[in-house]
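Just below is one structure, and these are the notes that go with it.
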Amino acid sequence: MKDLKIENVVASSSVGDELDLWEVHEALEGSEYDPDRFPGLIFKLKEPNTSLLLFSSGKVVCTGGVTVDEPQKSVEKVKRLLNENGIETDDEVKAEIQNIVASYDLETELNLNSLAITLGLERIEYEPEQFPGLVYRFKDLPVVLLLFGSGRMVCTGSKSEEQLKEGVRKIEKELKKAGLL
């Protein structure tokens with residue numbers, strides 16, 4: 001499944017029980033903190049190219065990763081930077097993937113009206129005057145697919161690459177079975 005391209009990995013973590021975000025803002029060069037606009041501190045890393053939101057509770061959200069390893073590397077890097085600046089953190093940090101967004105191209109145009117009827121109305125949302133794609137939900141997978149007439153699709157809702165791949169395999173199988181692929 002070489003054409004499945006991860007676009008964004010969102011993960012959550014914790015670096016400790018409590019953070020003084022003004023102290024963190026001083027420690028992390030280039031960070032953005034304006035509590036009147038947003039309750040968290042925003043810190044962007046160049047390597048890996050991710051953005052992290054740090055909250056006073058010690059919770060961290062990492063977004064922008066394009067591999068499943070990048071959130072863990074990002075959280076570990078922030079932990080190290082905080083420690084180097086005298087800010088105590090937990091000994092170990094673990095980034096838990098919350099959502100992976102990927103894109104895939106079926107390499108053929110799709111008739112979304114036919115698709116809506118074939119796939120069964122109970123598992124799809126299709127209102128072309130509201131949104132140009134068809135939303136497809138699996139019964140047994142957390143993966144949600146947004147299918148477009150161009151044959152491109154966006155896969156979301158997964159917490160692993162394997163779930164994404166399984167979703168793509170299943171939709172391709174259903175479309176072939178229905179003669180739509």
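We name chains A, B, ... following the order of the structure tokens; residues begin at 1 in each chain, and ligands are numbered from 1 as shown.
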Near stretch 139-158 of chain A, 7 Å: stretch 54-114 of chain A residue rows, closest pairs, only C-alpha atoms, as JSON lines:
```
{"residue": "A:Asn99", "atom": "CA", "partner": "A:Ser158", "partner_atom": "CA", "distance": 5.3}
{"residue": "A:Ile100", "atom": "CA", "partner": "A:Ser158", "partner_atom": "CA", "distance": 5.4}
{"residue": "A:Val101", "atom": "CA", "partner": "A:Thr156", "partner_atom": "CA", "distance": 4.5}
{"residue": "A:Ala102", "atom": "CA", "partner": "A:Cys155", "partner_atom": "CA", "distance": 5.1}
{"residue": "A:Ser103", "atom": "CA", "partner": "A:Val154", "partner_atom": "CA", "distance": 4.5}
{"residue": "A:Tyr104", "atom": "CA", "partner": "A:Met153", "partner_atom": "CA", "distance": 5.3}
{"residue": "A:Asp105", "atom": "CA", "partner": "A:Arg152", "partner_atom": "CA", "distance": 4.3}
{"residue": "A:Leu106", "atom": "CA", "partner": "A:Gly151", "partner_atom": "CA", "distance": 5.1}
{"residue": "A:Glu107", "atom": "CA", "partner": "A:Gly151", "partner_atom": "CA", "distance": 5.8}
{"residue": "A:Thr108", "atom": "CA", "partner": "A:Gly151", "partner_atom": "CA", "distance": 5.1}
{"residue": "A:Glu109", "atom": "CA", "partner": "A:Gly151", "partner_atom": "CA", "distance": 4.7}
{"residue": "A:Leu110", "atom": "CA", "partner": "A:Gly149", "partner_atom": "CA", "distance": 4.6}
{"residue": "A:Asn111", "atom": "CA", "partner": "A:Gly149", "partner_atom": "CA", "distance": 6.1}
{"residue": "A:Leu112", "atom": "CA", "partner": "A:Gly149", "partner_atom": "CA", "distance": 6.1}
```
Residues of stretch 42-158 of chain A classed as alpha helix (DSSP H) by DSSP on the backbone are to be reported as a PyMOL selection string.
chain A and resi 70-84+112-119
Dump N, CA, C and O atoms for the selected residues as an mmCIF file, in the first residue's frame?
```cif
data_model
loop_
_atom_site.group_PDB
_atom_site.id
_atom_site.type_symbol
_atom_site.label_atom_id
_atom_site.label_comp_id
_atom_site.auth_asym_id
_atom_site.auth_seq_id
_atom_site.Cartn_x
_atom_site.Cartn_y
_atom_site.Cartn_z
ATOM 1 N N GLU A 70 7.116 10.133 15.017
ATOM 2 C CA GLU A 70 7.436 11.534 15.255
ATOM 3 C C GLU A 70 6.847 12.114 16.539
ATOM 4 O O GLU A 70 7.526 12.883 17.217
ATOM 5 N N PRO A 71 5.608 11.789 16.923
ATOM 6 C CA PRO A 71 5.113 12.349 18.183
ATOM 7 C C PRO A 71 5.976 11.953 19.395
ATOM 8 O O PRO A 71 6.285 12.798 20.238
ATOM 9 N N GLN A 72 6.387 10.696 19.463
ATOM 10 C CA GLN A 72 7.226 10.255 20.579
ATOM 11 C C GLN A 72 8.553 11.013 20.580
ATOM 12 O O GLN A 72 8.995 11.504 21.617
ATOM 13 N N LYS A 73 9.178 11.139 19.423
ATOM 14 C CA LYS A 73 10.445 11.868 19.313
ATOM 15 C C LYS A 73 10.260 13.332 19.727
ATOM 16 O O LYS A 73 11.114 13.914 20.398
ATOM 17 N N SER A 74 9.135 13.921 19.331
ATOM 18 C CA SER A 74 8.862 15.323 19.648
ATOM 19 C C SER A 74 8.688 15.540 21.141
ATOM 20 O O SER A 74 9.248 16.477 21.718
ATOM 21 N N VAL A 75 7.907 14.672 21.770
ATOM 22 C CA VAL A 75 7.655 14.807 23.209
ATOM 23 C C VAL A 75 8.957 14.590 23.987
ATOM 24 O O VAL A 75 9.242 15.304 24.953
ATOM 25 N N GLU A 76 9.754 13.631 23.558
ATOM 26 C CA GLU A 76 11.044 13.393 24.219
ATOM 27 C C GLU A 76 11.970 14.603 24.066
ATOM 28 O O GLU A 76 12.683 14.974 24.998
ATOM 29 N N LYS A 77 11.948 15.231 22.896
ATOM 30 C CA LYS A 77 12.788 16.402 22.662
ATOM 31 C C LYS A 77 12.358 17.564 23.560
ATOM 32 O O LYS A 77 13.207 18.245 24.157
ATOM 33 N N VAL A 78 11.054 17.792 23.682
ATOM 34 C CA VAL A 78 10.563 18.871 24.543
ATOM 35 C C VAL A 78 10.915 18.584 26.002
ATOM 36 O O VAL A 78 11.334 19.473 26.737
ATOM 37 N N LYS A 79 10.758 17.333 26.409
ATOM 38 C CA LYS A 79 11.131 16.932 27.769
ATOM 39 C C LYS A 79 12.603 17.268 28.031
ATOM 40 O O LYS A 79 12.957 17.869 29.047
ATOM 41 N N ARG A 80 13.472 16.907 27.084
ATOM 42 C CA ARG A 80 14.903 17.171 27.223
ATOM 43 C C ARG A 80 15.171 18.675 27.304
ATOM 44 O O ARG A 80 15.940 19.144 28.154
ATOM 45 N N LEU A 81 14.526 19.461 26.440
ATOM 46 C CA LEU A 81 14.711 20.917 26.463
ATOM 47 C C LEU A 81 14.249 21.522 27.784
ATOM 48 O O LEU A 81 14.903 22.421 28.334
ATOM 49 N N LEU A 82 13.138 21.031 28.304
ATOM 50 C CA LEU A 82 12.651 21.530 29.595
ATOM 51 C C LEU A 82 13.641 21.195 30.698
ATOM 52 O O LEU A 82 13.993 22.057 31.518
ATOM 53 N N ASN A 83 14.102 19.942 30.728
ATOM 54 C CA ASN A 83 15.070 19.511 31.745
ATOM 55 C C ASN A 83 16.354 20.331 31.665
ATOM 56 O O ASN A 83 16.901 20.730 32.709
ATOM 57 N N GLU A 84 16.840 20.586 30.454
ATOM 58 C CA GLU A 84 18.060 21.376 30.271
ATOM 59 C C GLU A 84 17.902 22.798 30.805
ATOM 60 O O GLU A 84 18.886 23.454 31.135
ATOM 61 N N LEU A 112 -20.231 9.110 -7.027
ATOM 62 C CA LEU A 112 -20.605 9.114 -5.606
ATOM 63 C C LEU A 112 -22.082 8.793 -5.385
ATOM 64 O O LEU A 112 -22.441 8.218 -4.357
ATOM 65 N N ASN A 113 -22.939 9.125 -6.353
ATOM 66 C CA ASN A 113 -24.359 8.769 -6.214
ATOM 67 C C ASN A 113 -24.521 7.247 -6.217
ATOM 68 O O ASN A 113 -25.232 6.695 -5.369
ATOM 69 N N SER A 114 -23.869 6.581 -7.159
ATOM 70 C CA SER A 114 -23.919 5.111 -7.206
ATOM 71 C C SER A 114 -23.300 4.516 -5.945
ATOM 72 O O SER A 114 -23.802 3.543 -5.394
ATOM 73 N N LEU A 115 -22.232 5.109 -5.524
ATOM 74 C CA LEU A 115 -21.529 4.641 -4.323
ATOM 75 C C LEU A 115 -22.427 4.740 -3.099
ATOM 76 O O LEU A 115 -22.477 3.812 -2.277
ATOM 77 N N ALA A 116 -23.150 5.831 -2.976
ATOM 78 C CA ALA A 116 -24.031 6.041 -1.824
ATOM 79 C C ALA A 116 -25.097 4.953 -1.756
ATOM 80 O O ALA A 116 -25.380 4.419 -0.675
ATOM 81 N N ILE A 117 -25.639 4.604 -2.885
ATOM 82 C CA ILE A 117 -26.684 3.568 -2.925
ATOM 83 C C ILE A 117 -26.082 2.194 -2.672
ATOM 84 O O ILE A 117 -26.602 1.403 -1.883
ATOM 85 N N THR A 118 -24.950 1.911 -3.293
ATOM 86 C CA THR A 118 -24.317 0.597 -3.186
ATOM 87 C C THR A 118 -23.797 0.307 -1.781
ATOM 88 O O THR A 118 -23.926 -0.812 -1.285
ATOM 89 N N LEU A 119 -23.195 1.299 -1.138
ATOM 90 C CA LEU A 119 -22.566 1.072 0.161
ATOM 91 C C LEU A 119 -23.574 1.002 1.306
ATOM 92 O O LEU A 119 -23.221 0.596 2.405
#
```
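Going from atom CA of A:Asp90 to atom CA of A:Ile42 covers 19.8 Å.
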Counting only C-alpha atoms, figure out which residue out of A:Arg37, A:Lys46, A:Lys173, A:Lys59 gets nearest to A:Ser14.
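Smallest distance to A:Ser14 is found for A:Lys59.
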Using only C-alpha atoms, the residue out of A:Val66, A:Leu21, A:Leu180, A:Leu4 with shortest distance to A:Ser51 is A:Val66
Compile the contact shell of A:Ser160 as number ranges by chain: residues with an atom at most 8 Å away, counting only C-alpha atoms, same-chain residues fewer than 4 positions apart removed.
A: 68, 97, 100, 164
By how many Å are atom CA of A:Val9 and atom CA of A:Gly167 apart?
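Straight-line distance from atom CA of A:Val9 to atom CA of A:Gly167 works out to 16.8 Å.
Taking atom CA of A:Glu7 and atom CA of A:Thr63 as endpoints, the distance between them is 10.3 Å.
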What are the DSSP strand (DSSP E) residues of stretch 47-177 of chain A, as an MDAnalysis selection string?
chainID A and resid 50:54 59:65 96:105 124:125 133:137 144:148 152:158
Polymer residues at most 12 Å from A:Glu23, only C-alpha atoms, same-chain spacing of 3 or more positions, as a list in words:
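In the requested format, the answer is Glu18, Leu19, Asp20, Glu26, Ala27, Leu28, Glu29, Ser31, Tyr33, Leu41, Leu54, Ser56, Leu82, Asn85, Gly86, Ile87 and Glu88 of chain A.
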